[in-house]
file entry_38.csv (CSV, C-alpha atoms)
chain,number,residue,atom,x,y,z
A,1,LEU,CA,-23.1,-26.5,-90.2
A,2,GLY,CA,-20.6,-29.1,-88.9
A,3,GLU,CA,-19.8,-29.0,-85.2
A,4,PRO,CA,-17.1,-31.6,-84.3
A,5,VAL,CA,-17.2,-32.8,-80.7
A,6,GLN,CA,-15.6,-35.8,-79.1
A,7,PRO,CA,-17.9,-38.9,-79.0
A,8,ALA,CA,-19.6,-39.5,-75.7
A,9,ASP,CA,-18.7,-35.9,-74.6
A,10,ASP,CA,-21.4,-34.1,-72.7
A,11,SER,CA,-21.7,-31.5,-75.4
A,12,GLU,CA,-22.6,-34.2,-78.0
A,13,GLU,CA,-25.4,-35.4,-75.7
A,14,PHE,CA,-26.7,-31.9,-75.3
A,15,LEU,CA,-26.6,-31.1,-79.0
A,16,ARG,CA,-28.4,-34.3,-80.0
A,17,ARG,CA,-31.3,-33.7,-77.6
A,18,GLU,CA,-33.2,-31.8,-80.2
A,19,ASP,CA,-33.1,-31.0,-83.9
A,20,ARG,CA,-31.1,-27.8,-84.3
A,21,GLY,CA,-30.8,-27.9,-88.1
A,22,ILE,CA,-27.1,-28.7,-88.0
A,23,GLU,CA,-25.0,-31.6,-89.2
A,24,LEU,CA,-23.1,-33.0,-86.2
A,25,ARG,CA,-19.9,-34.9,-86.6
A,26,THR,CA,-17.5,-36.3,-84.0
A,27,THR,CA,-13.7,-36.6,-83.9
A,28,GLU,CA,-11.5,-38.7,-81.7
A,29,THR,CA,-9.8,-35.7,-80.1
A,30,PHE,CA,-10.3,-31.9,-79.9
A,31,GLU,CA,-6.9,-31.5,-81.6
A,32,ASP,CA,-8.3,-33.3,-84.6
A,33,ALA,CA,-11.5,-31.2,-84.6
A,34,LEU,CA,-9.6,-27.9,-84.4
A,35,THR,CA,-7.0,-28.8,-87.0
A,36,GLU,CA,-9.8,-29.8,-89.4
A,37,LEU,CA,-11.7,-26.6,-88.6
A,38,ALA,CA,-8.5,-24.6,-89.5
A,39,ALA,CA,-8.3,-26.5,-92.8
A,40,GLY,CA,-11.9,-25.5,-93.6
A,41,GLU,CA,-13.4,-29.0,-93.2
A,42,HIS,CA,-16.0,-27.8,-90.7
A,43,ASP,CA,-17.8,-24.6,-89.7
A,44,ALA,CA,-17.4,-24.7,-86.0
A,45,VAL,CA,-16.2,-26.8,-83.1
A,46,VAL,CA,-17.9,-27.1,-79.7
A,47,THR,CA,-15.4,-27.5,-76.8
A,48,GLN,CA,-14.6,-26.0,-73.4
A,49,ARG,CA,-13.3,-22.5,-73.9
A,50,LEU,CA,-10.1,-22.9,-72.0
A,51,VAL,CA,-9.3,-26.1,-73.8
A,52,ALA,CA,-9.8,-24.3,-77.1
A,53,LEU,CA,-7.6,-21.4,-76.0
A,54,ARG,CA,-4.7,-23.8,-75.0
A,55,LEU,CA,-4.9,-26.0,-78.2
A,56,VAL,CA,-5.2,-23.1,-80.6
A,57,GLN,CA,-2.1,-21.6,-79.0
A,58,GLU,CA,-0.2,-24.9,-78.9
A,59,LEU,CA,-1.1,-25.9,-82.4
A,60,GLY,CA,-0.5,-22.5,-83.9
A,61,LEU,CA,-3.9,-22.3,-85.5
A,62,ASP,CA,-3.8,-18.5,-86.1
A,63,ASN,CA,-6.9,-18.5,-88.4
A,64,LEU,CA,-9.3,-19.6,-85.6
A,65,GLN,CA,-11.2,-17.4,-83.2
A,66,VAL,CA,-12.5,-18.6,-79.8
A,67,LEU,CA,-15.8,-17.0,-79.1
A,68,ASP,CA,-16.5,-15.3,-75.8
A,69,TYR,CA,-20.1,-16.3,-75.3
A,70,PRO,CA,-21.2,-19.8,-74.2
A,71,VAL,CA,-23.6,-22.2,-75.9
A,72,GLU,CA,-27.0,-21.2,-74.6
A,73,GLY,CA,-28.4,-23.6,-72.0
A,74,PHE,CA,-25.2,-25.7,-71.7
A,75,GLN,CA,-22.9,-25.9,-68.7
A,76,GLN,CA,-20.4,-28.5,-67.6
A,77,ASP,CA,-19.9,-29.0,-63.8
A,78,PHE,CA,-16.7,-31.0,-63.1
A,79,CYS,CA,-16.7,-33.2,-60.0
A,80,PHE,CA,-14.8,-36.1,-58.4
A,81,GLY,CA,-16.5,-39.5,-59.0
A,82,VAL,CA,-16.5,-42.6,-56.9
A,83,ARG,CA,-18.1,-46.0,-57.0
A,84,GLU,CA,-21.7,-45.9,-55.7
A,85,GLY,CA,-21.8,-46.5,-52.0
A,86,ASP,CA,-18.1,-45.5,-51.4
A,87,ASP,CA,-19.1,-42.8,-48.9
A,88,GLU,CA,-15.7,-43.0,-47.1
A,89,THR,CA,-13.7,-42.0,-50.2
A,90,LEU,CA,-16.2,-39.4,-51.1
A,91,ALA,CA,-16.1,-37.8,-47.7
A,92,LEU,CA,-12.3,-37.7,-47.8
A,93,LEU,CA,-12.3,-36.0,-51.2
A,94,ASN,CA,-15.0,-33.5,-50.1
A,95,GLU,CA,-13.0,-32.6,-47.0
A,96,GLY,CA,-9.7,-32.2,-49.0
A,97,LEU,CA,-11.4,-30.1,-51.6
A,98,ALA,CA,-12.9,-27.8,-48.9
A,99,VAL,CA,-9.4,-27.4,-47.4
A,100,VAL,CA,-7.7,-26.4,-50.7
A,101,MET,CA,-10.5,-24.0,-51.5
A,102,ALA,CA,-10.2,-22.3,-48.1
A,103,ASP,CA,-6.4,-22.0,-47.9
A,104,GLY,CA,-6.0,-20.5,-51.4
A,105,THR,CA,-4.4,-23.6,-53.0
A,106,TYR,CA,-7.2,-23.9,-55.6
A,107,ARG,CA,-6.9,-20.2,-56.6
A,108,ARG,CA,-3.1,-20.6,-57.1
A,109,LEU,CA,-3.5,-23.7,-59.2
A,110,HIS,CA,-6.2,-22.1,-61.2
A,111,ALA,CA,-4.0,-19.1,-61.9
A,112,LYS,CA,-1.1,-21.4,-62.8
A,113,TRP,CA,-3.0,-23.5,-65.4
A,114,PHE,CA,-5.7,-21.2,-66.7
A,115,ALA,CA,-5.0,-17.5,-66.1
A,116,ALA,CA,-2.3,-17.2,-68.8
A,117,LEU,CA,-4.8,-18.5,-71.4
A,118,GLN,CA,-7.1,-15.5,-70.8
A,119,LEU,CA,-4.4,-12.8,-70.3
A,120,PRO,CA,-3.7,-10.5,-73.3
A,121,THR,CA,-0.6,-11.8,-75.2
A,122,ASP,CA,0.1,-8.7,-77.3
A,123,ARG,CA,0.1,-6.1,-74.5
A,124,PRO,CA,0.5,-5.7,-70.7
A,125,ILE,CA,-2.5,-6.2,-68.4
A,126,LEU,CA,-3.9,-2.7,-67.7
A,127,VAL,CA,-4.7,-2.2,-64.0
A,128,GLY,CA,-6.8,0.8,-63.2
A,129,GLY,CA,-7.1,2.9,-60.1
A,130,ASP,CA,-7.8,6.3,-58.5
A,131,ARG,CA,-5.2,9.0,-59.3
A,132,ASN,CA,-5.9,10.9,-56.0
A,133,TYR,CA,-6.6,8.4,-53.2
A,134,PRO,CA,-3.6,8.5,-50.9
A,135,PRO,CA,-2.2,6.6,-49.1
A,136,PHE,CA,-3.9,3.7,-51.1
A,137,GLU,CA,-3.2,4.8,-54.7
A,138,PHE,CA,-2.2,8.1,-56.3
A,139,LEU,CA,0.1,9.7,-58.8
A,140,ASP,CA,3.1,11.2,-57.0
A,141,GLU,CA,4.8,14.5,-57.7
A,142,ASN,CA,6.5,13.0,-60.7
A,143,GLY,CA,3.3,11.5,-62.1
A,144,ARG,CA,4.2,7.9,-61.1
A,145,PRO,CA,1.8,5.4,-59.6
A,146,SER,CA,2.3,5.1,-55.9
A,147,GLY,CA,0.6,4.0,-52.7
A,148,PHE,CA,-0.1,0.8,-50.7
A,149,ILE,CA,-2.3,-0.9,-53.3
A,150,VAL,CA,0.1,0.0,-56.1
A,151,ASP,CA,2.9,-1.7,-54.1
A,152,LEU,CA,0.6,-4.7,-53.4
A,153,THR,CA,-0.2,-5.1,-57.1
A,154,ARG,CA,3.5,-4.9,-58.1
A,155,ALA,CA,4.3,-7.6,-55.5
A,156,ILE,CA,1.6,-9.8,-56.9
A,157,ALA,CA,2.8,-9.2,-60.4
A,158,ARG,CA,6.3,-10.3,-59.5
A,159,GLU,CA,5.1,-13.4,-57.7
A,160,MET,CA,2.7,-14.4,-60.5
A,161,ASN,CA,5.0,-13.3,-63.4
A,162,LEU,CA,2.4,-10.9,-64.7
A,163,ASP,CA,3.2,-8.1,-67.2
A,164,ILE,CA,1.2,-5.1,-65.9
A,165,ARG,CA,0.8,-1.4,-66.5
A,166,PHE,CA,-1.1,1.1,-64.3
A,167,ARG,CA,-3.7,3.6,-65.4
A,168,LEU,CA,-4.6,5.9,-62.6
A,169,GLY,CA,-7.2,8.5,-63.3
A,170,PRO,CA,-10.4,10.1,-62.0
A,171,TRP,CA,-12.3,7.4,-60.3
A,172,ALA,CA,-15.6,7.8,-62.2
A,173,ASP,CA,-13.6,7.5,-65.5
A,174,ILE,CA,-11.8,4.4,-64.4
A,175,MET,CA,-15.1,2.8,-63.5
A,176,GLU,CA,-16.4,3.5,-67.0
A,177,GLU,CA,-13.2,2.2,-68.6
A,178,LEU,CA,-13.5,-1.1,-66.6
A,179,ALA,CA,-17.1,-1.5,-67.9
A,180,SER,CA,-16.1,-0.8,-71.5
A,181,GLY,CA,-13.0,-3.1,-71.3
A,182,GLU,CA,-10.4,-0.3,-71.7
A,183,VAL,CA,-8.8,-1.5,-68.5
A,184,ASP,CA,-8.6,-5.2,-67.6
A,185,ALA,CA,-8.9,-4.9,-63.8
A,186,VAL,CA,-9.2,-2.4,-61.0
A,187,GLN,CA,-6.9,-2.9,-58.0
A,188,GLY,CA,-9.1,-1.4,-55.3
A,189,MET,CA,-12.9,-1.4,-55.4
A,190,PHE,CA,-15.5,-1.7,-52.6
A,191,TYR,CA,-17.7,-4.7,-53.0
A,192,THR,CA,-21.4,-4.0,-53.3
A,193,PRO,CA,-24.3,-6.3,-54.5
A,194,GLU,CA,-25.1,-3.8,-57.3
A,195,ARG,CA,-21.5,-3.9,-58.6
A,196,ASP,CA,-21.5,-7.7,-58.3
A,197,ARG,CA,-24.1,-7.8,-61.0
A,198,THR,CA,-21.6,-6.9,-63.7
A,199,LEU,CA,-18.2,-7.5,-62.0
A,200,ASP,CA,-16.3,-10.3,-60.3
A,201,PHE,CA,-14.4,-9.6,-57.1
A,202,SER,CA,-11.4,-11.1,-55.3
A,203,PRO,CA,-11.4,-11.8,-51.6
A,204,HIS,CA,-11.0,-8.5,-49.9
A,205,HIS,CA,-7.5,-7.3,-49.1
A,206,MET,CA,-8.6,-4.4,-46.8
A,207,VAL,CA,-11.7,-3.1,-44.9
A,208,SER,CA,-12.3,0.6,-44.8
A,209,HIS,CA,-14.6,2.7,-42.7
A,210,TYR,CA,-16.6,5.7,-43.9
A,211,VAL,CA,-17.1,8.6,-41.5
A,212,GLY,CA,-18.5,12.1,-41.8
A,213,VAL,CA,-16.2,15.1,-42.0
A,214,VAL,CA,-17.5,18.6,-40.9
A,215,ARG,CA,-16.0,22.0,-40.2
A,216,ARG,CA,-14.3,22.2,-36.9
A,217,GLY,CA,-16.8,23.2,-34.2
A,218,ASP,CA,-19.7,21.4,-35.9
A,219,GLU,CA,-20.9,18.0,-34.6
A,220,PRO,CA,-19.9,15.1,-36.9
A,221,PRO,CA,-22.8,12.7,-37.7
A,222,ALA,CA,-23.0,9.5,-35.7
A,223,THR,CA,-25.6,7.7,-37.8
A,224,LEU,CA,-27.0,8.0,-41.3
A,225,ASP,CA,-30.2,9.5,-39.9
A,226,ASP,CA,-28.0,12.5,-38.8
A,227,LEU,CA,-27.4,13.3,-42.5
A,228,SER,CA,-31.1,14.0,-43.3
A,229,ASP,CA,-30.9,17.8,-43.1
A,230,LEU,CA,-27.3,18.3,-44.3
A,231,ARG,CA,-25.8,19.2,-47.7
A,232,LEU,CA,-23.5,16.3,-48.5
A,233,ALA,CA,-20.4,16.0,-50.6
A,234,VAL,CA,-19.4,12.5,-52.0
A,235,GLN,CA,-16.8,11.3,-54.5
A,236,ALA,CA,-18.4,10.4,-57.9
A,237,GLY,CA,-18.7,6.6,-58.3
A,238,ASP,CA,-18.1,6.0,-54.6
A,239,ALA,CA,-19.7,2.8,-53.2
A,240,VAL,CA,-21.3,4.8,-50.3
A,241,LEU,CA,-23.7,6.4,-52.9
A,242,GLU,CA,-25.6,3.1,-53.1
A,243,VAL,CA,-26.2,3.3,-49.3
A,244,LEU,CA,-27.4,6.9,-49.6
A,245,SER,CA,-29.7,6.0,-52.5
A,246,ASP,CA,-31.2,3.1,-50.5
A,247,THR,CA,-32.0,5.6,-47.7
A,248,GLY,CA,-33.2,8.4,-49.9
A,249,LEU,CA,-30.3,10.7,-49.0
A,250,ASP,CA,-28.9,10.8,-52.5
A,251,THR,CA,-30.9,13.9,-53.3
A,252,ARG,CA,-28.8,15.9,-50.9
A,253,VAL,CA,-25.5,14.9,-52.5
A,254,THR,CA,-23.1,17.0,-54.5
A,255,LEU,CA,-20.7,14.9,-56.5
A,256,VAL,CA,-17.0,15.8,-56.7
A,257,GLY,CA,-14.0,14.2,-58.3
A,258,SER,CA,-11.9,12.9,-55.4
A,259,GLN,CA,-11.7,12.4,-51.6
A,260,GLU,CA,-9.6,15.5,-51.5
A,261,GLU,CA,-12.4,17.5,-53.2
A,262,VAL,CA,-14.9,16.2,-50.7
A,263,LEU,CA,-12.7,17.7,-47.9
A,264,ARG,CA,-12.3,20.9,-49.8
A,265,ALA,CA,-16.0,21.2,-50.4
A,266,VAL,CA,-16.7,21.0,-46.7
A,267,LEU,CA,-13.8,23.4,-45.8
A,268,GLU,CA,-15.1,26.0,-48.3
A,269,GLU,CA,-18.7,25.6,-47.0
A,270,GLU,CA,-20.0,24.2,-50.3
A,271,ALA,CA,-21.3,21.3,-48.2
A,272,ASP,CA,-22.2,20.8,-44.6
A,273,CYS,CA,-20.7,17.3,-44.4
A,274,GLY,CA,-18.6,15.0,-46.5
A,275,LEU,CA,-18.5,11.2,-46.5
A,276,VAL,CA,-14.9,9.9,-46.7
A,277,VAL,CA,-12.8,6.9,-45.9
A,278,ARG,CA,-11.3,7.7,-42.5
A,279,VAL,CA,-7.7,6.6,-43.3
A,280,ALA,CA,-7.6,8.5,-46.6
A,281,ALA,CA,-9.1,11.6,-45.0
A,282,LEU,CA,-6.6,11.5,-42.1
A,283,TYR,CA,-3.7,11.3,-44.6
A,284,GLN,CA,-5.0,14.1,-46.7
A,285,MET,CA,-5.7,16.4,-43.8
A,286,GLU,CA,-2.2,15.8,-42.3
A,287,GLN,CA,-0.5,16.3,-45.6
A,288,GLY,CA,-2.5,19.4,-46.4
A,289,GLY,CA,-2.4,20.9,-43.0
A,290,TRP,CA,-6.2,21.3,-43.0
A,291,GLU,CA,-6.9,22.1,-39.4
A,292,GLY,CA,-10.3,23.5,-40.0
A,293,LEU,CA,-11.9,20.0,-40.4
A,294,GLN,CA,-13.1,17.5,-37.9
A,295,LEU,CA,-13.6,13.7,-38.6
A,296,GLY,CA,-16.3,11.7,-37.1
A,297,SER,CA,-15.4,8.7,-34.9
A,298,ARG,CA,-18.5,6.6,-35.7
A,299,THR,CA,-18.5,4.4,-38.8
A,300,LEU,CA,-21.4,5.2,-41.1
A,301,TYR,CA,-20.6,2.5,-43.7
A,302,GLN,CA,-18.0,-0.2,-43.8
A,303,GLY,CA,-16.7,-1.5,-47.1
A,304,GLU,CA,-14.5,-4.5,-48.2
A,305,TYR,CA,-11.8,-3.4,-50.7
A,306,SER,CA,-11.0,-6.0,-53.5
A,307,TYR,CA,-9.6,-6.4,-57.0
A,308,ALA,CA,-12.4,-6.4,-59.6
A,309,VAL,CA,-12.7,-7.5,-63.2
A,310,PRO,CA,-15.6,-7.7,-65.7
A,311,GLU,CA,-17.9,-10.6,-65.0
A,312,GLY,CA,-16.7,-13.9,-66.3
A,313,GLN,CA,-13.0,-13.1,-66.2
A,314,ASN,CA,-12.3,-15.4,-63.3
A,315,ALA,CA,-9.0,-16.7,-64.8
A,316,LEU,CA,-7.7,-13.2,-64.9
A,317,LEU,CA,-9.0,-12.5,-61.4
A,318,SER,CA,-7.2,-15.6,-60.1
A,319,GLY,CA,-3.9,-14.0,-61.0
A,320,PHE,CA,-4.4,-11.4,-58.4
A,321,THR,CA,-5.7,-13.7,-55.6
call {"tool": "encode", "arguments": {"input": "entry_38.csv", "output": "structure tokens"}}
result
Amino acid sequence: LGEPVQPADDSEEFLRREDRGIELRTTETFEDALTELAAGEHDAVVTQRLVALRLVQELGLDNLQVLDYPVEGFQQDFCFGVREGDDETLALLNEGLAVVMADGTYRRLHAKWFAALQLPTDRPILVGGDRNYPPFEFLDENGRPSGFIVDLTRAIAREMNLDIRFRLGPWADIMEELASGEVDAVQGMFYTPERDRTLDFSPHHMVSHYVGVVRRGDEPPATLDDLSDLRLAVQAGDAVLEVLSDTGLDTRVTLVGSQEEVLRAVLEEEADCGLVVRVAALYQMEQGGWEGLQLGSRTLYQGEYSYAVPEGQNALLSGFT
């Protein structure tokens, strides 16, 4: 197995540390290595993934495939380097780097140079969302994607020159499609540590507050402890389910398909209390004329709403941040 790498590259040092049963060769450039690989002179090339994606595209090497998984145990961390003892220059570089990371310049540059390499070239980027979560995202009376986050995504797509299409459906289904790769990104998802295990999140673009909703005349819950004796309705796949699970309240939950169905379950006495995002519930109640419901004024859970992509798709994520 020949694996061309550039001489003195970090990957050459790593691969030579132990006998791996391979024949290791070096080339002067990665262009040479990939061209020779395409010609059948080698079995594989070890290089940075984004470098390979760019060169394969630029050189038109259509018979090569860039693998999605890394070399086990190998990682390259790129840093600025200065002469030993030059603390003044190092401090200036560190300060400047902190500034461009904080003000979004780094994310914009990352999107400019890297995002396009990981974006699908043969189809639009498929952005998922909830089909019934007004005023944030929903299908209007003509079946067209609408809402605040839909408009936000469209504005980002225009600014970043992204070719996107929306897929709005039942929230639980969209979550499964994101996990399976059927959709590339979700435009609005509450961050939780559990979700962070398999997904990457953008900086949040909104903070939402969950409250209890009860039938008019009942007392809305002020704390999670007030839910202990109530029959609860919650949207399937909702982030608040993790909070209920941590407190042992998940056994009292009936899952429904949307925030609207949470309200309806309470109104029709199928549940004593529903847990809803306050702004979304206010919108639904006003539009539906549901005067028989009463929203709580105390926040039971606060969530940060962000774009989300499968873990490792940071270049794609940078296009939305």
call {"tool": "residues_near_point", "arguments": {"input": "entry_38.csv", "point": "(-25.6, -22.0, -77.0)", "cutoff": "12 Å", "atoms": "all atoms listed in the file", "output": "list in words"}}
result
Ser11, Phe14, Leu15, Arg20, Val46, Thr47, Leu67, Asp68, Tyr69, Pro70, Val71, Glu72, Gly73, Phe74 and Gln75 of chain A
call {"tool": "atom_distance", "arguments": {"input": "entry_38.csv", "atom1": "CA of Tyr106 in chain A", "atom2": "CA of Thr89 in chain A"}}
result
20.0 Å
call {"tool": "residues_around", "arguments": {"input": "entry_38.csv", "residues": "range 187-204 of chain A", "least_positions_apart": "4", "cutoff": "10 Å", "atoms": "all atoms listed in the file", "output": "count of residues only"}}
result
38
call {"tool": "residues_near_point", "arguments": {"input": "entry_38.csv", "point": "(4.0, -16.1, -59.0)", "cutoff": "10 Å", "atoms": "only C-alpha atoms", "output": "list of chain:residue names"}}
result
A:Arg108, A:Ala111, A:Lys112, A:Ala155, A:Ile156, A:Ala157, A:Arg158, A:Glu159, A:Met160, A:Asn161, A:Leu162, A:Gly319, A:Phe320
call {"tool": "atom_distance", "arguments": {"input": "entry_38.csv", "atom1": "CA of Gly237 in chain A", "atom2": "CA of Ile174 in chain A"}}
result
9.5 Å
call {"tool": "residues_around", "arguments": {"input": "entry_38.csv", "residues": "range 260-265 of chain A", "least_positions_apart": "2", "cutoff": "8 Å", "atoms": "all atoms listed in the file", "output": "JSON, numbers by chain"}}
result
{"A": [132, 133, 213, 233, 234, 235, 256, 257, 258, 267, 268, 269, 270, 271, 274, 275, 276, 281, 284, 293]}
call {"tool": "closest_residue", "arguments": {"input": "entry_38.csv", "among": "A:Asp229, A:Glu286, A:Glu23, A:Asp62", "to": "Ala38 in chain A", "atoms": "all atoms listed in the file"}}
result
A:Asp62
